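Text of protein-v4.txt, listed as compact mmCIF, C-alpha atoms and all ligand atoms:
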```txt
# COMPACT_ATOMS: atom_id res chain seq x y z
CA VAL A 1 215.94 174.69 126.40
CA LYS A 2 212.36 173.69 127.03
CA ILE A 3 210.57 174.62 123.87
CA SER A 4 207.29 175.21 125.68
CA ASN A 5 208.95 178.28 127.21
CA ILE A 6 209.56 179.97 123.87
CA ASN A 7 209.29 183.68 124.26
CA PHE A 8 210.58 186.39 122.03
CA THR A 9 212.09 188.78 124.60
CA ALA A 10 215.65 187.72 123.72
CA HIS A 11 215.15 187.74 119.94
CA ASN A 12 217.34 190.33 118.25
CA GLY A 13 216.23 189.99 114.65
CA THR A 14 219.05 187.58 113.77
CA ARG A 15 219.21 186.28 110.23
CA ILE A 16 221.26 183.31 109.18
CA LEU A 17 223.24 184.39 106.19
CA LYS A 18 223.47 182.02 103.26
CA MET A 19 223.20 178.27 103.37
CA ARG A 20 226.61 176.73 103.37
CA GLY A 21 226.93 173.61 105.44
CA PRO A 22 226.61 171.98 108.85
CA ALA A 23 227.38 175.18 110.81
CA GLU A 24 224.37 177.00 109.35
CA VAL A 25 222.10 173.98 109.78
CA GLU A 26 223.23 173.86 113.41
CA ALA A 27 222.39 177.56 113.77
CA VAL A 28 218.91 176.99 112.33
CA VAL A 29 218.25 174.08 114.71
CA GLU A 30 219.38 176.18 117.69
CA GLN A 31 217.14 179.09 116.69
CA LEU A 32 214.20 176.73 116.25
CA ASP A 33 214.77 175.31 119.73
CA GLN A 34 214.93 178.76 121.26
CA PHE A 35 212.35 180.69 119.25
CA GLY A 36 210.41 178.17 117.15
CA PHE A 37 211.45 179.91 113.92
CA ALA A 38 214.50 181.03 111.96
CA VAL A 39 215.05 183.20 108.90
CA VAL A 40 217.70 182.34 106.32
CA SER A 41 218.87 184.48 103.51
CA LEU A 42 219.30 182.49 100.29
CA GLN A 43 221.61 183.22 97.42
CA LEU A 44 220.74 180.62 94.85
CA PRO A 45 221.25 180.41 91.13
CA PRO A 46 217.99 181.47 89.41
CA ASP A 47 217.27 177.94 88.09
CA LYS A 48 217.35 176.38 91.57
CA PRO A 49 213.90 176.03 93.22
CA PRO A 50 214.40 177.63 96.66
CA LEU A 51 212.11 175.42 98.74
CA GLU A 52 213.67 172.25 97.38
CA ALA A 53 217.10 173.59 98.25
CA VAL A 54 216.11 174.51 101.82
CA ALA A 55 214.25 171.23 102.41
CA ALA A 56 217.23 169.19 101.19
CA TRP A 57 219.62 171.26 103.29
CA LEU A 58 217.55 170.73 106.45
CA GLY A 59 216.66 167.07 105.78
CA LEU A 60 212.91 167.77 105.63
CA GLY A 61 212.06 165.16 103.00
CA GLU A 62 209.25 165.54 100.50
CA PRO A 63 206.68 168.34 100.79
CA TYR A 64 203.37 167.32 102.35
CA VAL A 65 200.05 168.05 100.63
CA PRO A 66 197.51 169.19 103.24
CA VAL A 67 194.10 167.45 103.39
CA LEU A 68 192.34 170.58 102.10
CA TYR A 69 194.12 170.41 98.75
CA ARG A 70 194.30 166.65 98.11
CA ASP A 71 191.27 166.48 95.84
CA ASP A 72 192.35 169.43 93.78
CA ALA A 73 194.19 168.04 90.76
CA ALA A 74 195.33 171.53 89.78
CA SER A 75 197.05 172.29 93.06
CA SER A 76 200.79 171.89 93.35
CA VAL A 77 202.66 170.67 96.41
CA TYR A 78 203.70 174.27 96.97
CA ALA A 79 201.24 177.08 97.62
CA ASP A 80 201.71 180.36 95.78
CA ILE A 81 200.66 183.19 98.07
CA LYS A 82 199.99 186.15 95.85
CA PRO A 83 197.01 188.46 95.29
CA ARG A 84 195.29 187.50 92.04
CA VAL A 85 192.35 188.93 90.19
CA GLY A 86 189.59 186.32 89.96
CA ASP A 87 190.99 184.05 92.66
CA ASP A 88 188.94 184.00 95.84
CA HIS A 89 191.11 181.93 98.18
CA PRO A 90 190.41 183.64 101.51
CA GLY A 91 194.02 183.53 102.72
CA PHE A 92 196.32 183.19 99.75
CA ALA A 93 194.76 185.41 97.12
CA THR A 94 193.95 188.51 99.16
CA ALA A 95 195.89 191.32 100.80
CA ASN A 96 193.85 191.09 104.01
CA ALA A 97 195.21 190.38 107.45
CA GLN A 98 195.05 186.71 108.43
CA PRO A 99 194.16 185.75 111.98
CA ILE A 100 196.29 183.53 114.22
CA HIS A 101 196.46 179.96 112.89
CA VAL A 102 198.65 176.96 112.28
CA ASP A 103 199.08 175.67 108.72
CA GLY A 104 197.01 172.61 107.80
CA LEU A 105 193.38 173.54 108.40
CA LEU A 106 192.11 169.94 108.32
CA ASP A 107 195.27 168.08 109.30
CA PRO A 108 195.67 166.43 112.70
CA LEU A 109 197.55 168.17 115.50
CA GLY A 110 201.29 167.78 115.01
CA ALA A 111 201.11 166.35 111.46
CA ILE A 112 202.76 169.35 109.80
CA ARG A 113 205.82 170.02 111.90
CA THR A 114 207.64 172.48 109.65
CA SER A 115 206.44 175.24 107.34
CA LEU A 116 208.75 177.00 104.91
CA LEU A 117 207.79 180.41 103.56
CA TYR A 118 210.02 181.78 100.83
CA CYS A 119 209.70 185.42 99.85
CA VAL A 120 209.92 186.13 96.13
CA GLN A 121 208.68 189.72 96.42
CA PRO A 122 207.73 191.56 99.62
CA ALA A 123 204.84 194.00 99.84
CA ALA A 124 205.53 197.72 99.54
CA GLU A 125 203.91 198.14 102.94
CA GLY A 126 202.88 195.68 105.66
CA GLY A 127 202.51 191.94 105.14
CA ARG A 128 204.71 190.92 108.05
CA THR A 129 204.30 187.38 109.40
CA ILE A 130 203.53 187.46 113.11
CA MET A 131 204.99 184.63 115.18
CA PHE A 132 202.72 183.69 118.07
CA SER A 133 204.10 181.45 120.79
CA SER A 134 200.96 179.45 121.56
CA VAL A 135 202.92 176.94 123.65
CA ALA A 136 204.34 179.66 125.92
CA VAL A 137 200.92 181.24 126.35
CA PHE A 138 199.49 177.83 127.24
CA THR A 139 202.27 177.25 129.78
CA CYS A 140 201.54 180.64 131.43
CA LEU A 141 197.81 179.95 131.44
CA ALA A 142 198.37 176.52 132.99
CA GLU A 143 200.11 178.22 135.92
CA ALA A 144 197.61 181.05 136.29
CA ASP A 145 194.37 179.15 135.66
CA PRO A 146 194.78 175.36 135.29
CA ALA A 147 191.10 174.68 134.58
CA ALA A 148 191.10 177.15 131.67
CA ALA A 149 194.26 175.56 130.20
CA GLU A 150 192.93 172.03 130.67
CA VAL A 151 189.85 172.66 128.56
CA LEU A 152 192.13 173.31 125.54
CA LEU A 153 193.42 169.72 125.77
CA HIS A 154 189.97 168.21 125.23
CA ASP A 155 189.56 165.93 122.24
CA GLU A 156 186.92 167.89 120.39
CA VAL A 157 187.37 171.42 121.73
CA LEU A 158 188.56 173.03 118.50
CA GLU A 159 186.85 172.58 115.15
CA ARG A 160 188.51 173.98 112.04
CA PHE A 161 186.51 174.06 108.83
CA PRO A 162 187.05 175.19 105.24
CA THR A 163 185.71 178.48 103.96
CA LEU A 164 187.13 177.90 100.48
CA PRO A 165 184.33 178.58 98.02
CA GLY A 166 182.98 175.27 96.72
CA SER A 167 184.80 173.07 99.22
CA ARG A 168 182.73 170.07 100.29
CA LEU A 169 185.09 168.98 103.04
CA GLU A 170 183.73 168.88 106.57
CA GLY A 171 185.28 170.55 109.57
CA VAL A 172 187.67 168.58 111.76
CA ARG A 173 187.57 168.55 115.57
CA GLY A 174 190.53 167.95 117.82
CA PRO A 175 192.38 169.30 120.84
CA ALA A 176 194.01 172.74 120.60
CA PHE A 177 197.07 171.42 122.48
CA ALA A 178 198.55 167.99 123.19
CA PHE A 179 201.83 166.48 124.37
CA ASP A 180 203.99 164.44 122.02
CA ALA A 181 205.77 161.19 122.94
CA ASP A 182 208.66 163.19 124.46
CA GLY A 183 206.35 165.26 126.64
CA GLN A 184 206.73 168.35 124.46
CA LEU A 185 203.69 170.51 123.98
CA MET A 186 202.25 170.69 120.44
CA THR A 187 199.65 173.13 119.19
CA ARG A 188 197.00 173.69 116.55
CA PHE A 189 195.75 176.84 118.28
CA SER A 190 193.95 178.96 115.69
CA ASP A 191 191.39 181.66 116.28
CA GLY A 192 189.54 183.14 113.32
CA PRO A 193 186.62 182.65 110.92
CA THR A 194 187.63 179.04 110.14
CA GLU A 195 187.35 178.02 113.81
CA GLN A 196 184.53 177.00 116.08
CA TRP A 197 185.04 176.14 119.75
CA HIS A 198 183.17 173.27 121.43
CA PRO A 199 183.75 173.25 125.19
CA PRO A 200 182.67 170.13 127.08
CA ARG A 201 179.33 170.57 128.86
CA GLY A 202 179.73 172.79 131.92
CA ARG A 203 183.16 174.06 130.85
CA GLU A 204 181.99 177.08 128.85
CA GLU A 205 183.38 179.61 131.33
CA ASP A 206 186.74 177.85 131.48
CA LEU A 207 186.96 178.15 127.70
CA ASP A 208 185.93 181.83 127.77
CA ARG A 209 188.75 182.62 130.20
CA ALA A 210 191.23 180.62 128.11
CA LEU A 211 190.32 182.49 124.92
CA LEU A 212 190.47 185.86 126.68
CA PHE A 213 193.95 184.98 127.96
CA PHE A 214 195.14 184.05 124.45
CA ARG A 215 193.60 187.14 122.84
CA ASN A 216 195.33 189.37 125.40
CA ALA A 217 198.62 187.52 124.90
CA ALA A 218 198.44 188.25 121.16
CA GLU A 219 199.00 191.93 122.05
CA GLN A 220 202.17 191.24 124.07
CA PRO A 221 205.60 191.44 122.40
CA ARG A 222 207.03 188.52 124.36
CA PHE A 223 204.41 186.23 122.80
CA ALA A 224 203.84 187.87 119.40
CA LEU A 225 206.72 188.93 117.15
CA PRO A 226 206.30 190.43 113.66
CA VAL A 227 208.87 189.29 111.10
CA MET A 228 209.40 191.01 107.76
CA LEU A 229 210.77 188.80 105.01
CA GLY A 230 212.84 190.37 102.26
CA ALA A 231 213.19 189.02 98.72
CA GLY A 232 215.29 185.84 98.81
CA GLU A 233 214.65 185.16 102.49
CA CYS A 234 213.04 181.99 103.79
CA LEU A 235 211.18 181.62 107.06
CA ILE A 236 211.53 178.22 108.73
CA LEU A 237 208.73 177.71 111.22
CA ARG A 238 207.93 174.96 113.72
CA ASN A 239 204.23 174.69 112.83
CA ASP A 240 203.65 172.25 115.72
CA ARG A 241 204.99 174.75 118.30
CA LEU A 242 204.05 178.22 117.08
CA SER A 243 200.95 179.68 115.55
CA HIS A 244 201.25 182.62 113.16
CA ALA A 245 199.26 185.45 111.64
CA ARG A 246 199.72 187.95 108.82
CA GLU A 247 199.35 191.70 108.64
CA SER A 248 197.38 193.22 105.80
CA PHE A 249 199.55 194.71 103.08
CA VAL A 250 199.75 196.98 100.08
CA SER A 251 201.75 195.90 97.04
CA GLU A 252 203.65 198.17 94.73
CA PRO A 253 201.71 198.54 91.45
CA GLY A 254 202.81 195.78 89.06
CA ARG A 255 204.90 194.05 91.75
CA PRO A 256 202.53 191.93 93.85
CA ARG A 257 203.70 190.50 97.16
CA HIS A 258 204.59 186.90 96.39
CA LEU A 259 205.52 184.11 98.78
CA VAL A 260 205.80 180.36 98.24
CA ARG A 261 204.93 177.91 100.99
CA GLY A 262 205.98 174.32 101.54
CA LEU A 263 204.83 172.03 104.38
CA TYR A 264 206.75 169.10 105.87
CA THR A 265 206.13 166.34 108.40
CA LYS A 266 209.76 166.38 109.62
CA VAL A 267 211.73 168.90 111.64
CA PRO A 268 215.18 170.23 110.74
CA ARG A 269 217.95 168.17 112.31
CA PRO A 270 221.69 168.79 112.58
CA TYR A 271 223.80 166.68 110.19
CA PRO A 272 225.13 163.99 112.57
CA ALA A 273 221.70 163.10 113.92
CA THR A 274 220.31 162.42 110.45
CA GLU A 275 223.06 160.26 108.98
CA GLY A 276 221.49 157.59 106.82
CA SER A 277 218.07 159.25 106.85
CA GLY A 278 218.30 160.08 103.18
CA ARG A 279 219.38 163.70 103.34
FE FE B 1 199.89 180.18 107.43
```
structure tokens encoding of this file:
Amino acid sequence: VKISNINFTAHNGTRILKMRGPAEVEAVVEQLDQFGFAVVSLQLPPDKPPLEAVAAWLGLGEPYVPVLYRDDAASSVYADIKPRVGDDHPGFATANAQPIHVDGLLDPLGAIRTSLLYCVQPAAEGGRTIMFSSVAVFTCLAEADPAAAEVLLHDEVLERFPTLPGSRLEGVRGPAFAFDADGQLMTRFSDGPTEQWHPPRGREEDLDRALLFFRNAAEQPRFALPVMLGAGECLILRNDRLSHARESFVSEPGRPRHLVRGLYTKVPRPYPATEGSGR
């Protein structure tokens, strides 16, 4: 399966039930190859931190602290995503919709290969995570309009910058897409208020067509798939292959929507391939 051809037409809402052993890890790896994401349902004892359990199970190693949060002594390696009075984090602390993005605002393309999102408490209404197959959209665009696709590979075409109140970090420029050492397409395609596009001189119209193509694709079910996480479910996402977005939501009074996120530089691997890698 060529991962750059990820599309969601064949997805039937499959969940992987419980984490047990190699068979379920294999199932996760297969789903990631085909769709770029998988959902597992966890049944853990209450004292067991869910993200640590999933990361150990999938051989993901230690959680990665994104550049944006490195100077913040108070921040943990995990991000609590929960509406809070008095917290003004534009993504984590509100119930607003979030535009299409990859995790790791200031991190280089391909650095964060896996995101885990564990659901403690879903919203009463809305709050689905929308999977967006940026790599498939790019592949289609490259066939339909090669010049428009090519502009997204330019070194400085996409700037992402912090809108966190008080952040002094500068924006970071890089390509929106690139190929890894194995020739697989990687993405940091993001398109919202934390992004600024910088087409090379004379390529402005190529970029306009590319962005129009992506914005239209975001309305098509084969490229954009909403996923609702229930309590105790964990989304495993190839953050170097897919972008994602979030619907706005409404929480039940006294029971705020609450998710916990962990980021990793490794990808889940089946057991035999990781022998001796410290799983
Ligand atoms: Fe995200």
Counting all atoms listed in the file, which of A:Leu153, A:Leu235, A:Ala38, A:Leu60 gets nearest to ligand FE 1 (chain B)? A:Leu235
Would you name the residues within 8 Å of ligand FE 1 (chain B), counting only C-alpha atoms and all ligand atoms, and put them as a ChimeraX atom specification? /A:101-103,244-246
Go ahead and compute the interatomic distance for CA of Ala181 (chain A) and CA of Leu116 (chain A), in Å to one decimal. 24.2 Å
At a cut-off of 10 Å, using all atoms listed in the file, what residues contact Ser134 (chain A)? Leave out same-chain residues fewer than 4 positions from it and give the result as a list in words. Ser4, Asn5, Ile6, Asn7, Ile100, His101, Val102, Phe138, Thr139, Cys140, Ala176, Phe177, Leu185, Met186, Thr187, Arg188, Phe189, Ser190, Phe214, Ala217, Ala218, Phe223, Ala224, Asp240, Arg241, Leu242, Ser243 and His244 of chain A
Hey, could you make a per-residue contact list for region 191-245 of chain A against region 9-27 of chain A with 9 Å as the cut-off, showing the nearest pair of atoms and its distance in Å to one decimal, counting only C-alpha atoms, sorted by chain and number, as JSON lines?
```
{"residue": "A:Pro221", "atom": "CA", "partner": "A:Thr9", "partner_atom": "CA", "distance": 7.4}
{"residue": "A:Arg222", "atom": "CA", "partner": "A:Thr9", "partner_atom": "CA", "distance": 5.1}
{"residue": "A:Phe223", "atom": "CA", "partner": "A:Thr9", "partner_atom": "CA", "distance": 8.3}
{"residue": "A:Leu225", "atom": "CA", "partner": "A:His11", "partner_atom": "CA", "distance": 9.0}
{"residue": "A:Val227", "atom": "CA", "partner": "A:Gly13", "partner_atom": "CA", "distance": 8.2}
```
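Minimum atom-to-atom distance to Glu204 (chain A), evaluated using only C-alpha atoms, belongs to A:Val151 out of A:Pro256, A:Glu156, A:Pro162, A:Val151.
Here CA of Tyr78 (chain A) and CA of Glu62 (chain A) stand 10.9 Å from one another.
We find CA of His258 (chain A) and CA of Pro83 (chain A) to be spaced 7.8 Å apart.
Between Lys82 (chain A) and the candidates A:Glu150, A:Ala144, A:Phe249, A:Arg209, the tightest atom-to-atom separation, counting only C-alpha atoms, involves A:Phe249.
Considering only C-alpha atoms, the residue among A:Phe213, A:Phe132, A:Phe179, A:Tyr64 positioned nearest to Tyr264 (chain A) is A:Tyr64.
Among A:Leu158, A:Leu109, A:Val67, A:Val54, the residue with the shortest atom-to-atom distance to Leu211 (chain A), counting all atoms listed in the file, is A:Leu158.
Using only C-alpha atoms, the nearest neighbour of Glu30 (chain A) within the list A:Pro270, A:Gly230, A:Asp155, A:Gly126 is A:Pro270.
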Point (191.8, 183.6, 100.6), cut-off 12 Å, counting only C-alpha atoms, residues as a PyMOL selection string: chain A and resi 79-99+162-165+193-194
For C-alpha atoms, I'd like the residues from the last selection saved as an mmCIF file, keeping the file's coordinate frame.
```
data_model
loop_
_atom_site.group_PDB
_atom_site.id
_atom_site.type_symbol
_atom_site.label_atom_id
_atom_site.label_comp_id
_atom_site.auth_asym_id
_atom_site.auth_seq_id
_atom_site.Cartn_x
_atom_site.Cartn_y
_atom_site.Cartn_z
ATOM 1 C CA ALA A 79 201.240 177.080 97.620
ATOM 2 C CA ASP A 80 201.710 180.360 95.780
ATOM 3 C CA ILE A 81 200.660 183.190 98.070
ATOM 4 C CA LYS A 82 199.990 186.150 95.850
ATOM 5 C CA PRO A 83 197.010 188.460 95.290
ATOM 6 C CA ARG A 84 195.290 187.500 92.040
ATOM 7 C CA VAL A 85 192.350 188.930 90.190
ATOM 8 C CA GLY A 86 189.590 186.320 89.960
ATOM 9 C CA ASP A 87 190.990 184.050 92.660
ATOM 10 C CA ASP A 88 188.940 184.000 95.840
ATOM 11 C CA HIS A 89 191.110 181.930 98.180
ATOM 12 C CA PRO A 90 190.410 183.640 101.510
ATOM 13 C CA GLY A 91 194.020 183.530 102.720
ATOM 14 C CA PHE A 92 196.320 183.190 99.750
ATOM 15 C CA ALA A 93 194.760 185.410 97.120
ATOM 16 C CA THR A 94 193.950 188.510 99.160
ATOM 17 C CA ALA A 95 195.890 191.320 100.800
ATOM 18 C CA ASN A 96 193.850 191.090 104.010
ATOM 19 C CA ALA A 97 195.210 190.380 107.450
ATOM 20 C CA GLN A 98 195.050 186.710 108.430
ATOM 21 C CA PRO A 99 194.160 185.750 111.980
ATOM 22 C CA PRO A 162 187.050 175.190 105.240
ATOM 23 C CA THR A 163 185.710 178.480 103.960
ATOM 24 C CA LEU A 164 187.130 177.900 100.480
ATOM 25 C CA PRO A 165 184.330 178.580 98.020
ATOM 26 C CA PRO A 193 186.620 182.650 110.920
ATOM 27 C CA THR A 194 187.630 179.040 110.140
#
```
